[in-house]
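Participant: Dropping in query-v2.txt, which is compact mmCIF, N, CA and C atoms:
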```txt
# COMPACT_ATOMS: atom_id res chain seq x y z
N MET A 123 7.20 2.86 4.96
CA MET A 123 6.84 1.90 3.94
C MET A 123 5.48 1.28 4.28
N PHE A 124 4.84 0.72 3.28
CA PHE A 124 3.47 0.21 3.38
C PHE A 124 3.42 -1.04 4.28
N SER A 125 2.34 -1.15 5.06
CA SER A 125 2.10 -2.37 5.84
C SER A 125 0.63 -2.74 5.73
N HIS A 126 0.35 -4.01 6.02
CA HIS A 126 -1.02 -4.52 5.87
C HIS A 126 -1.20 -5.69 6.83
N ARG A 127 -2.41 -5.84 7.35
CA ARG A 127 -2.74 -6.94 8.26
C ARG A 127 -3.65 -7.93 7.56
N HIS A 128 -3.33 -9.20 7.70
CA HIS A 128 -4.08 -10.30 7.10
C HIS A 128 -4.47 -11.26 8.23
N ASP A 129 -5.77 -11.40 8.47
CA ASP A 129 -6.26 -12.28 9.54
C ASP A 129 -6.71 -13.61 8.96
N LEU A 130 -6.50 -14.68 9.72
CA LEU A 130 -6.97 -15.99 9.27
C LEU A 130 -7.18 -16.93 10.45
N ILE A 131 -7.87 -18.01 10.16
CA ILE A 131 -8.09 -19.08 11.13
C ILE A 131 -7.31 -20.29 10.64
N VAL A 132 -6.51 -20.88 11.51
CA VAL A 132 -5.71 -22.04 11.15
C VAL A 132 -6.63 -23.23 10.88
N GLU A 133 -6.42 -23.87 9.76
CA GLU A 133 -7.24 -25.02 9.34
C GLU A 133 -6.61 -26.34 9.77
N TRP A 134 -7.44 -27.37 9.84
CA TRP A 134 -6.99 -28.73 10.20
C TRP A 134 -5.86 -29.18 9.29
N GLY A 135 -5.99 -28.92 7.99
CA GLY A 135 -4.99 -29.36 7.02
C GLY A 135 -3.65 -28.65 7.14
N ASP A 136 -3.58 -27.58 7.92
CA ASP A 136 -2.31 -26.88 8.14
C ASP A 136 -1.46 -27.57 9.20
N CYS A 137 -2.05 -28.52 9.92
CA CYS A 137 -1.40 -29.08 11.11
C CYS A 137 -0.80 -30.46 10.85
N ASP A 138 0.25 -30.77 11.62
CA ASP A 138 0.91 -32.07 11.55
C ASP A 138 0.34 -33.00 12.62
N PRO A 139 0.83 -34.25 12.71
CA PRO A 139 0.28 -35.18 13.70
C PRO A 139 0.41 -34.71 15.15
N ALA A 140 1.34 -33.78 15.42
CA ALA A 140 1.48 -33.24 16.78
C ALA A 140 0.40 -32.21 17.09
N GLY A 141 -0.38 -31.84 16.07
CA GLY A 141 -1.46 -30.88 16.28
C GLY A 141 -1.04 -29.43 16.17
N ILE A 142 0.18 -29.20 15.69
CA ILE A 142 0.63 -27.83 15.49
C ILE A 142 0.85 -27.59 13.99
N VAL A 143 0.90 -26.32 13.60
CA VAL A 143 1.08 -26.00 12.18
C VAL A 143 2.41 -26.58 11.69
N PHE A 144 2.34 -27.33 10.60
CA PHE A 144 3.52 -27.89 9.93
C PHE A 144 4.26 -26.71 9.30
N TYR A 145 5.53 -26.54 9.63
CA TYR A 145 6.25 -25.31 9.31
C TYR A 145 6.14 -24.83 7.86
N PRO A 146 6.10 -25.69 6.81
CA PRO A 146 5.97 -25.14 5.46
C PRO A 146 4.64 -24.41 5.23
N ARG A 147 3.62 -24.77 6.01
CA ARG A 147 2.33 -24.11 5.86
C ARG A 147 2.40 -22.62 6.23
N PHE A 148 3.34 -22.27 7.13
CA PHE A 148 3.51 -20.84 7.45
C PHE A 148 3.91 -20.06 6.20
N PHE A 149 4.74 -20.67 5.35
CA PHE A 149 5.19 -19.97 4.15
C PHE A 149 4.03 -19.78 3.17
N ALA A 150 3.10 -20.73 3.12
CA ALA A 150 1.89 -20.54 2.32
C ALA A 150 1.04 -19.40 2.89
N MET A 151 0.95 -19.33 4.21
CA MET A 151 0.21 -18.23 4.85
C MET A 151 0.87 -16.89 4.54
N PHE A 152 2.20 -16.85 4.59
CA PHE A 152 2.92 -15.61 4.29
C PHE A 152 2.76 -15.22 2.83
N ASP A 153 2.71 -16.21 1.95
CA ASP A 153 2.49 -15.93 0.53
C ASP A 153 1.13 -15.26 0.33
N ALA A 154 0.11 -15.79 0.99
CA ALA A 154 -1.23 -15.19 0.90
C ALA A 154 -1.23 -13.79 1.50
N ALA A 155 -0.48 -13.58 2.59
CA ALA A 155 -0.41 -12.26 3.21
C ALA A 155 0.29 -11.26 2.29
N THR A 156 1.33 -11.70 1.58
CA THR A 156 2.02 -10.81 0.64
C THR A 156 1.08 -10.43 -0.50
N ALA A 157 0.33 -11.39 -1.03
CA ALA A 157 -0.64 -11.09 -2.09
C ALA A 157 -1.69 -10.12 -1.58
N SER A 158 -2.13 -10.30 -0.34
CA SER A 158 -3.11 -9.40 0.25
C SER A 158 -2.54 -7.99 0.40
N LEU A 159 -1.27 -7.89 0.79
CA LEU A 159 -0.60 -6.59 0.89
C LEU A 159 -0.56 -5.91 -0.48
N LEU A 160 -0.20 -6.65 -1.52
CA LEU A 160 -0.12 -6.06 -2.87
C LEU A 160 -1.51 -5.65 -3.37
N GLU A 161 -2.52 -6.42 -3.04
CA GLU A 161 -3.90 -6.03 -3.39
C GLU A 161 -4.27 -4.72 -2.70
N ALA A 162 -3.95 -4.61 -1.42
CA ALA A 162 -4.28 -3.40 -0.67
C ALA A 162 -3.51 -2.19 -1.20
N ALA A 163 -2.22 -2.38 -1.50
CA ALA A 163 -1.39 -1.27 -1.99
C ALA A 163 -1.82 -0.82 -3.38
N SER A 164 -2.18 -1.77 -4.23
CA SER A 164 -2.51 -1.45 -5.63
C SER A 164 -3.98 -1.09 -5.82
N GLY A 165 -4.83 -1.53 -4.89
CA GLY A 165 -6.26 -1.32 -5.05
C GLY A 165 -6.87 -2.24 -6.09
N ARG A 166 -6.19 -3.35 -6.38
CA ARG A 166 -6.65 -4.30 -7.41
C ARG A 166 -6.56 -5.73 -6.89
N PRO A 167 -7.48 -6.60 -7.27
CA PRO A 167 -7.32 -8.02 -6.96
C PRO A 167 -6.04 -8.53 -7.63
N ARG A 168 -5.41 -9.53 -7.02
CA ARG A 168 -4.10 -10.00 -7.53
C ARG A 168 -4.15 -10.42 -8.99
N ILE A 169 -5.23 -11.07 -9.44
CA ILE A 169 -5.28 -11.50 -10.84
C ILE A 169 -5.31 -10.29 -11.77
N ARG A 170 -6.03 -9.24 -11.37
CA ARG A 170 -6.07 -8.03 -12.19
C ARG A 170 -4.72 -7.32 -12.18
N LEU A 171 -4.05 -7.32 -11.03
CA LEU A 171 -2.71 -6.73 -10.94
C LEU A 171 -1.76 -7.45 -11.89
N ILE A 172 -1.81 -8.77 -11.89
CA ILE A 172 -0.96 -9.58 -12.78
C ILE A 172 -1.30 -9.28 -14.24
N GLU A 173 -2.58 -9.26 -14.56
CA GLU A 173 -3.00 -9.00 -15.94
C GLU A 173 -2.66 -7.57 -16.38
N ASP A 174 -2.98 -6.58 -15.54
CA ASP A 174 -2.73 -5.18 -15.90
C ASP A 174 -1.25 -4.89 -16.09
N CYS A 175 -0.41 -5.51 -15.26
CA CYS A 175 1.04 -5.27 -15.34
C CYS A 175 1.74 -6.22 -16.31
N ARG A 176 0.98 -7.19 -16.83
CA ARG A 176 1.52 -8.17 -17.78
C ARG A 176 2.76 -8.88 -17.22
N ILE A 177 2.58 -9.42 -15.99
CA ILE A 177 3.67 -10.12 -15.32
C ILE A 177 3.24 -11.55 -15.01
N LEU A 178 4.22 -12.37 -14.62
CA LEU A 178 3.92 -13.72 -14.11
C LEU A 178 3.53 -13.65 -12.65
N GLY A 179 4.14 -12.73 -11.93
CA GLY A 179 3.89 -12.62 -10.50
C GLY A 179 5.11 -12.07 -9.79
N TRP A 180 5.28 -12.48 -8.53
CA TRP A 180 6.35 -11.97 -7.68
C TRP A 180 6.97 -13.14 -6.93
N PRO A 181 7.70 -14.02 -7.63
CA PRO A 181 8.25 -15.21 -6.99
C PRO A 181 9.26 -14.87 -5.88
N MET A 182 9.32 -15.77 -4.92
CA MET A 182 10.24 -15.66 -3.80
C MET A 182 11.64 -16.05 -4.25
N VAL A 183 12.63 -15.27 -3.87
CA VAL A 183 14.02 -15.61 -4.19
C VAL A 183 14.85 -15.82 -2.93
N ASP A 184 14.31 -15.41 -1.78
CA ASP A 184 15.01 -15.64 -0.51
C ASP A 184 13.98 -15.55 0.61
N THR A 185 14.17 -16.36 1.64
CA THR A 185 13.28 -16.32 2.79
C THR A 185 13.98 -16.88 4.01
N SER A 186 13.52 -16.48 5.15
CA SER A 186 13.97 -17.06 6.41
C SER A 186 12.86 -16.87 7.43
N ALA A 187 12.91 -17.67 8.48
CA ALA A 187 11.88 -17.56 9.52
C ALA A 187 12.45 -17.96 10.87
N GLN A 188 11.88 -17.38 11.90
CA GLN A 188 12.17 -17.75 13.28
C GLN A 188 10.85 -18.12 13.93
N PHE A 189 10.81 -19.28 14.57
CA PHE A 189 9.60 -19.79 15.17
C PHE A 189 9.68 -19.62 16.69
N HIS A 190 8.72 -18.89 17.26
CA HIS A 190 8.78 -18.55 18.67
C HIS A 190 7.76 -19.30 19.52
N ALA A 191 6.59 -19.56 18.98
CA ALA A 191 5.53 -20.23 19.75
C ALA A 191 4.68 -21.07 18.80
N PRO A 192 4.17 -22.21 19.28
CA PRO A 192 3.36 -23.07 18.40
C PRO A 192 2.01 -22.43 18.06
N VAL A 193 1.50 -22.83 16.91
CA VAL A 193 0.18 -22.41 16.45
C VAL A 193 -0.59 -23.69 16.15
N ARG A 194 -1.86 -23.72 16.58
CA ARG A 194 -2.66 -24.95 16.48
C ARG A 194 -3.94 -24.74 15.67
N PHE A 195 -4.56 -25.86 15.32
CA PHE A 195 -5.84 -25.86 14.61
C PHE A 195 -6.84 -24.95 15.31
N ASP A 196 -7.53 -24.16 14.51
CA ASP A 196 -8.59 -23.25 14.93
C ASP A 196 -8.09 -22.00 15.64
N ASP A 197 -6.77 -21.82 15.75
CA ASP A 197 -6.25 -20.56 16.29
C ASP A 197 -6.57 -19.43 15.33
N ARG A 198 -6.93 -18.30 15.88
CA ARG A 198 -7.13 -17.09 15.09
C ARG A 198 -5.83 -16.31 15.16
N VAL A 199 -5.24 -16.08 13.99
CA VAL A 199 -3.94 -15.41 13.94
C VAL A 199 -4.01 -14.21 13.00
N SER A 200 -3.05 -13.32 13.17
CA SER A 200 -2.90 -12.16 12.30
C SER A 200 -1.48 -12.15 11.77
N ILE A 201 -1.36 -11.78 10.51
CA ILE A 201 -0.04 -11.59 9.91
C ILE A 201 0.08 -10.12 9.55
N GLU A 202 1.05 -9.47 10.15
CA GLU A 202 1.37 -8.08 9.83
C GLU A 202 2.52 -8.13 8.82
N SER A 203 2.25 -7.67 7.61
CA SER A 203 3.25 -7.66 6.54
C SER A 203 3.69 -6.22 6.32
N ARG A 204 5.01 -6.00 6.33
CA ARG A 204 5.54 -4.65 6.18
C ARG A 204 6.62 -4.64 5.11
N VAL A 205 6.47 -3.75 4.14
CA VAL A 205 7.50 -3.58 3.12
C VAL A 205 8.72 -2.96 3.80
N THR A 206 9.87 -3.58 3.63
CA THR A 206 11.09 -3.06 4.25
C THR A 206 12.07 -2.52 3.21
N HIS A 207 11.88 -2.91 1.96
CA HIS A 207 12.78 -2.44 0.90
C HIS A 207 12.08 -2.61 -0.44
N VAL A 208 12.24 -1.64 -1.32
CA VAL A 208 11.78 -1.77 -2.70
C VAL A 208 12.93 -1.34 -3.60
N GLY A 209 13.38 -2.27 -4.41
CA GLY A 209 14.42 -1.97 -5.40
C GLY A 209 13.75 -1.72 -6.75
N THR A 210 14.54 -1.75 -7.79
CA THR A 210 14.00 -1.54 -9.14
C THR A 210 13.02 -2.64 -9.51
N ALA A 211 13.40 -3.90 -9.25
CA ALA A 211 12.56 -5.04 -9.63
C ALA A 211 12.32 -6.01 -8.48
N SER A 212 12.76 -5.67 -7.30
CA SER A 212 12.60 -6.57 -6.15
C SER A 212 12.05 -5.80 -4.96
N PHE A 213 11.49 -6.56 -4.04
CA PHE A 213 11.01 -5.95 -2.80
C PHE A 213 11.11 -6.96 -1.67
N ALA A 214 11.29 -6.43 -0.46
CA ALA A 214 11.41 -7.26 0.73
C ALA A 214 10.22 -6.99 1.64
N ILE A 215 9.76 -8.06 2.27
CA ILE A 215 8.62 -8.00 3.19
C ILE A 215 9.03 -8.64 4.52
N ALA A 216 8.74 -7.97 5.62
CA ALA A 216 8.89 -8.56 6.95
C ALA A 216 7.50 -9.03 7.37
N GLN A 217 7.42 -10.26 7.85
CA GLN A 217 6.15 -10.85 8.27
C GLN A 217 6.21 -11.15 9.77
N ARG A 218 5.13 -10.84 10.48
CA ARG A 218 5.01 -11.16 11.92
C ARG A 218 3.65 -11.83 12.13
N LEU A 219 3.66 -13.09 12.48
CA LEU A 219 2.42 -13.82 12.74
C LEU A 219 2.22 -13.86 14.25
N THR A 220 1.06 -13.35 14.67
CA THR A 220 0.74 -13.32 16.10
C THR A 220 -0.58 -14.02 16.36
N ARG A 221 -0.69 -14.55 17.58
CA ARG A 221 -1.94 -15.09 18.10
C ARG A 221 -2.24 -14.25 19.32
N GLY A 222 -3.19 -13.34 19.17
CA GLY A 222 -3.41 -12.37 20.24
C GLY A 222 -2.17 -11.51 20.41
N GLU A 223 -1.64 -11.45 21.60
CA GLU A 223 -0.43 -10.67 21.87
C GLU A 223 0.85 -11.50 21.72
N THR A 224 0.71 -12.79 21.44
CA THR A 224 1.87 -13.68 21.36
C THR A 224 2.48 -13.69 19.97
N LEU A 225 3.74 -13.35 19.88
CA LEU A 225 4.47 -13.44 18.62
C LEU A 225 4.83 -14.91 18.40
N CYS A 226 4.35 -15.48 17.31
CA CYS A 226 4.57 -16.91 17.03
C CYS A 226 5.66 -17.14 15.98
N VAL A 227 5.65 -16.35 14.90
CA VAL A 227 6.62 -16.53 13.82
C VAL A 227 6.99 -15.16 13.26
N GLU A 228 8.28 -14.99 12.99
CA GLU A 228 8.77 -13.83 12.25
C GLU A 228 9.43 -14.37 10.98
N ALA A 229 9.21 -13.70 9.87
CA ALA A 229 9.81 -14.16 8.62
C ALA A 229 10.21 -12.97 7.77
N MET A 230 11.10 -13.24 6.82
CA MET A 230 11.55 -12.26 5.85
C MET A 230 11.38 -12.90 4.47
N GLU A 231 10.94 -12.09 3.52
CA GLU A 231 10.83 -12.56 2.13
C GLU A 231 11.50 -11.54 1.22
N MET A 232 12.17 -12.02 0.21
CA MET A 232 12.65 -11.18 -0.88
C MET A 232 11.98 -11.73 -2.14
N ARG A 233 11.31 -10.84 -2.87
CA ARG A 233 10.56 -11.24 -4.06
C ARG A 233 10.99 -10.40 -5.26
N VAL A 234 10.75 -10.95 -6.45
CA VAL A 234 11.14 -10.27 -7.68
C VAL A 234 9.92 -10.16 -8.59
N TRP A 235 9.66 -8.96 -9.08
CA TRP A 235 8.61 -8.66 -10.05
C TRP A 235 9.05 -9.32 -11.35
N SER A 236 8.27 -10.27 -11.89
CA SER A 236 8.77 -11.14 -12.95
C SER A 236 7.85 -11.25 -14.16
N ILE A 237 8.49 -11.43 -15.31
CA ILE A 237 7.81 -11.68 -16.58
C ILE A 237 8.42 -12.92 -17.22
N ARG A 238 7.76 -13.43 -18.26
CA ARG A 238 8.35 -14.49 -19.08
C ARG A 238 8.89 -13.80 -20.33
N ASP A 239 10.18 -13.94 -20.57
CA ASP A 239 10.82 -13.34 -21.74
C ASP A 239 10.22 -13.94 -23.01
N GLU A 240 9.71 -13.09 -23.89
CA GLU A 240 9.07 -13.56 -25.11
C GLU A 240 10.06 -14.19 -26.09
N GLN A 241 11.33 -13.83 -25.98
CA GLN A 241 12.35 -14.36 -26.90
C GLN A 241 12.73 -15.81 -26.56
N ASP A 242 13.09 -16.05 -25.29
CA ASP A 242 13.60 -17.38 -24.94
C ASP A 242 12.73 -18.14 -23.94
N GLY A 243 11.66 -17.52 -23.46
CA GLY A 243 10.75 -18.18 -22.54
C GLY A 243 11.22 -18.23 -21.10
N HIS A 244 12.39 -17.69 -20.80
CA HIS A 244 12.89 -17.69 -19.43
C HIS A 244 12.17 -16.64 -18.58
N ILE A 245 12.16 -16.91 -17.30
CA ILE A 245 11.60 -15.93 -16.36
C ILE A 245 12.66 -14.87 -16.09
N ARG A 246 12.25 -13.61 -16.18
CA ARG A 246 13.16 -12.48 -16.00
C ARG A 246 12.52 -11.46 -15.06
N SER A 247 13.38 -10.68 -14.43
CA SER A 247 12.86 -9.59 -13.60
C SER A 247 12.36 -8.47 -14.50
N GLN A 248 11.45 -7.69 -13.96
CA GLN A 248 10.84 -6.56 -14.67
C GLN A 248 10.77 -5.41 -13.67
N PRO A 249 11.08 -4.18 -14.06
CA PRO A 249 10.93 -3.08 -13.10
C PRO A 249 9.51 -2.98 -12.56
N ILE A 250 9.41 -2.75 -11.27
CA ILE A 250 8.12 -2.54 -10.62
C ILE A 250 7.58 -1.19 -11.11
N PRO A 251 6.32 -1.13 -11.54
CA PRO A 251 5.78 0.15 -12.02
C PRO A 251 5.92 1.26 -10.98
N ALA A 252 6.19 2.46 -11.47
CA ALA A 252 6.40 3.62 -10.58
C ALA A 252 5.20 3.86 -9.67
N TRP A 253 3.96 3.68 -10.19
CA TRP A 253 2.77 3.93 -9.38
C TRP A 253 2.70 2.94 -8.20
N LEU A 254 3.15 1.68 -8.43
CA LEU A 254 3.11 0.70 -7.35
C LEU A 254 4.26 0.95 -6.37
N ARG A 255 5.43 1.32 -6.88
CA ARG A 255 6.54 1.69 -6.00
C ARG A 255 6.10 2.81 -5.06
N ALA A 256 5.40 3.80 -5.60
CA ALA A 256 4.91 4.91 -4.77
C ALA A 256 3.91 4.41 -3.73
N ALA A 257 3.02 3.50 -4.14
CA ALA A 257 2.02 2.95 -3.21
C ALA A 257 2.68 2.13 -2.10
N LEU A 258 3.81 1.51 -2.41
CA LEU A 258 4.53 0.72 -1.42
C LEU A 258 5.40 1.58 -0.49
N GLY A 259 5.45 2.89 -0.78
CA GLY A 259 6.14 3.79 0.12
C GLY A 259 7.47 4.30 -0.37
N VAL A 260 7.79 4.08 -1.65
CA VAL A 260 9.05 4.58 -2.20
C VAL A 260 8.88 6.03 -2.55
N LYS A 261 9.79 6.85 -2.08
CA LYS A 261 9.74 8.28 -2.40
C LYS A 261 10.43 8.51 -3.72
N ALA A 262 9.81 9.33 -4.57
CA ALA A 262 10.36 9.61 -5.90
C ALA A 262 11.63 10.44 -5.82
```
Produce structure tokens that represent the structure in this file.
Facilitator:
Amino acid sequence: MFSHRHDLIVEWGDCDPAGIVFYPRFFAMFDAATASLLEAASGRPRIRLIEDCRILGWPMVDTSAQFHAPVRFDDRVSIESRVTHVGTASFAIAQRLTRGETLCVEAMEMRVWSIRDEQDGHIRSQPIPAWLRAALGVKA
């Protein structure tokens, strides 16, 4: 299955008064890493992917994380995002955030390819296009 690396530098605003990353900020970092993975797999910027596929996006429906080591302001970190499952309208991503050789956070995300139903305005799942499923590593 497809994987992608997203590098970043931890910003001051990501940190709490103890000087370490405030745990919800990791989920924002993982969200950016997932978008970066989809851009790499599709070969399109995320806004174009959303427009071309006529979707709302890929909202999170389940997540979990394990925190192994603290991350601080100005740390250079990498997030390795790996597709672990692709269903008809959902996909799972395993995230590993490292600082050098140190594993700091592991997380799991389950996301759903989503549209707004034109009839009632509710958000609904939509099948992931076959070309993107193939790019994510699904065998036909």
Participant: Between segment 167-211 of chain A and segment 228-252 of chain A, at 6 Å or less, what are the per-residue closest atom pairs and their distances in Å? Count all atoms listed in the file, order by chain and rising residue number, and return it as a tab-separated table.
Facilitator:
```
residue	atom	partner	partner_atom	distance
A:Arg176	C	A:Ile237	CA	5.8
A:Ile177	CA	A:Ser236	C	4.5
A:Leu178	N	A:Ser236	C	3.8
A:Gly179	C	A:Ser236	N	4.2
A:Trp180	CA	A:Val234	C	4.1
A:Pro181	C	A:Val234	N	4.2
A:Met182	CA	A:Arg233	CA	4.4
A:Val183	N	A:Met232	C	4.0
A:Asp184	C	A:Met232	N	4.0
A:Thr185	CA	A:Met230	C	4.3
A:Ser186	C	A:Met230	N	4.1
A:Ala187	CA	A:Ala229	CA	4.1
A:Gln188	N	A:Glu228	C	4.0
A:Phe189	N	A:Glu228	N	5.2
A:His190	N	A:Glu228	N	5.8
A:Thr210	C	A:Ile250	N	4.0
A:Ala211	C	A:Trp235	N	4.0
```
Participant: Based on DSSP run over this structure's backbone, return all residues of segment 129-224 of chain A in helix (DSSP H, G or I), as JSON, numbers by chain.
Facilitator: {"A": [134, 135, 136, 145, 146, 147, 148, 149, 150, 151, 152, 153, 154, 155, 156, 157, 158, 159, 160, 161, 162, 163, 164, 168, 169, 170, 171, 172, 173, 174, 175]}
Participant: Using DSSP assignments from the backbone, pull out every residue in chain A that falls under strand (DSSP E or B) and give it to me as JSON, numbers by chain.
Facilitator: {"A": [125, 126, 127, 128, 129, 130, 131, 137, 142, 143, 179, 182, 183, 184, 185, 186, 187, 188, 189, 194, 198, 199, 200, 201, 202, 203, 204, 205, 206, 207, 208, 212, 213, 214, 215, 216, 217, 218, 219, 220, 221, 224, 225, 226, 227, 228, 229, 230, 231, 232, 233, 234, 236, 237, 238, 245, 246, 247]}
Participant: Would you compute an axis-aligned box for segment 231-235 of chain A, covering every atom listed for it in the file with 8 Å of margin on each side, and report centre and edge lengths in Å to one decimal as AutoDock Vina command-line options?
Facilitator:
```
--center_x 10.6 --center_y -10.6 --center_z -3.9 --size_x 20.0 --size_y 19.9 --size_z 30.9
```
Participant: Using atom CA of Arg255 of chain A and atom CA of Arg204 of chain A as the two end points, give the distance in Å to one decimal.
Facilitator: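 Result for atom CA of Arg255 of chain A versus atom CA of Arg204 of chain A: 13.8 Å, one decimal.
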Participant: Residues at most 6 Å from Ala191 of chain A, counting all atoms listed in the file, excluding those fewer than 3 positions away in the same chain, as a PyMOL selection string?
Facilitator: chain A and resi 225-227
Participant: Calculated over all atoms listed in the file, which of the candidates A:Gly259, A:Val199, A:Val193, A:Ser212 has the smallest distance to Phe144 of chain A?
Facilitator: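 Of A:Gly259, A:Val199, A:Val193, A:Ser212, the one nearest Phe144 of chain A is A:Val193, counting all atoms listed in the file.
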Participant: Kindly add N, CA, C and O atoms to the incomplete segment 160-176 of chain A and provide the output as an mmCIF file, in the frame of the given file.
Facilitator:
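Here's the written file result_33.cif:
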```cif
data_model
loop_
_atom_site.group_PDB
_atom_site.id
_atom_site.type_symbol
_atom_site.label_atom_id
_atom_site.label_comp_id
_atom_site.auth_asym_id
_atom_site.auth_seq_id
_atom_site.Cartn_x
_atom_site.Cartn_y
_atom_site.Cartn_z
ATOM 1 N N LEU A 160 -0.200 -6.650 -1.520
ATOM 2 C CA LEU A 160 -0.120 -6.060 -2.870
ATOM 3 C C LEU A 160 -1.510 -5.650 -3.370
ATOM 4 O O LEU A 160 -1.641 -4.620 -4.038
ATOM 5 N N GLU A 161 -2.520 -6.420 -3.040
ATOM 6 C CA GLU A 161 -3.900 -6.030 -3.390
ATOM 7 C C GLU A 161 -4.270 -4.720 -2.700
ATOM 8 O O GLU A 161 -4.844 -3.821 -3.324
ATOM 9 N N ALA A 162 -3.950 -4.610 -1.420
ATOM 10 C CA ALA A 162 -4.280 -3.400 -0.670
ATOM 11 C C ALA A 162 -3.510 -2.190 -1.200
ATOM 12 O O ALA A 162 -4.067 -1.106 -1.352
ATOM 13 N N ALA A 163 -2.220 -2.380 -1.500
ATOM 14 C CA ALA A 163 -1.390 -1.270 -1.990
ATOM 15 C C ALA A 163 -1.820 -0.820 -3.380
ATOM 16 O O ALA A 163 -1.834 0.378 -3.678
ATOM 17 N N SER A 164 -2.180 -1.770 -4.230
ATOM 18 C CA SER A 164 -2.510 -1.450 -5.630
ATOM 19 C C SER A 164 -3.980 -1.090 -5.820
ATOM 20 O O SER A 164 -4.339 -0.491 -6.835
ATOM 21 N N GLY A 165 -4.830 -1.530 -4.890
ATOM 22 C CA GLY A 165 -6.260 -1.320 -5.050
ATOM 23 C C GLY A 165 -6.870 -2.240 -6.090
ATOM 24 O O GLY A 165 -7.954 -1.979 -6.601
ATOM 25 N N ARG A 166 -6.190 -3.350 -6.380
ATOM 26 C CA ARG A 166 -6.650 -4.300 -7.410
ATOM 27 C C ARG A 166 -6.560 -5.730 -6.890
ATOM 28 O O ARG A 166 -5.609 -6.060 -6.185
ATOM 29 N N PRO A 167 -7.480 -6.600 -7.270
ATOM 30 C CA PRO A 167 -7.320 -8.020 -6.960
ATOM 31 C C PRO A 167 -6.040 -8.530 -7.630
ATOM 32 O O PRO A 167 -5.636 -8.037 -8.683
ATOM 33 N N ARG A 168 -5.410 -9.530 -7.020
ATOM 34 C CA ARG A 168 -4.100 -10.000 -7.530
ATOM 35 C C ARG A 168 -4.150 -10.420 -8.990
ATOM 36 O O ARG A 168 -3.229 -10.136 -9.734
ATOM 37 N N ILE A 169 -5.230 -11.070 -9.440
ATOM 38 C CA ILE A 169 -5.280 -11.500 -10.840
ATOM 39 C C ILE A 169 -5.310 -10.290 -11.770
ATOM 40 O O ILE A 169 -4.679 -10.281 -12.823
ATOM 41 N N ARG A 170 -6.030 -9.240 -11.370
ATOM 42 C CA ARG A 170 -6.070 -8.030 -12.190
ATOM 43 C C ARG A 170 -4.720 -7.320 -12.180
ATOM 44 O O ARG A 170 -4.279 -6.786 -13.200
ATOM 45 N N LEU A 171 -4.050 -7.320 -11.030
ATOM 46 C CA LEU A 171 -2.710 -6.730 -10.940
ATOM 47 C C LEU A 171 -1.760 -7.450 -11.890
ATOM 48 O O LEU A 171 -1.010 -6.816 -12.632
ATOM 49 N N ILE A 172 -1.810 -8.770 -11.890
ATOM 50 C CA ILE A 172 -0.960 -9.580 -12.780
ATOM 51 C C ILE A 172 -1.300 -9.280 -14.240
ATOM 52 O O ILE A 172 -0.402 -9.077 -15.068
ATOM 53 N N GLU A 173 -2.580 -9.260 -14.560
ATOM 54 C CA GLU A 173 -3.000 -9.000 -15.940
ATOM 55 C C GLU A 173 -2.660 -7.570 -16.380
ATOM 56 O O GLU A 173 -2.110 -7.357 -17.457
ATOM 57 N N ASP A 174 -2.980 -6.580 -15.540
ATOM 58 C CA ASP A 174 -2.730 -5.180 -15.900
ATOM 59 C C ASP A 174 -1.250 -4.890 -16.090
ATOM 60 O O ASP A 174 -0.869 -4.107 -16.957
ATOM 61 N N CYS A 175 -0.410 -5.510 -15.260
ATOM 62 C CA CYS A 175 1.040 -5.270 -15.340
ATOM 63 C C CYS A 175 1.740 -6.220 -16.310
ATOM 64 O O CYS A 175 2.943 -6.098 -16.521
ATOM 65 N N ARG A 176 0.980 -7.190 -16.830
ATOM 66 C CA ARG A 176 1.520 -8.170 -17.780
ATOM 67 C C ARG A 176 2.760 -8.880 -17.220
ATOM 68 O O ARG A 176 3.815 -8.925 -17.835
#
```
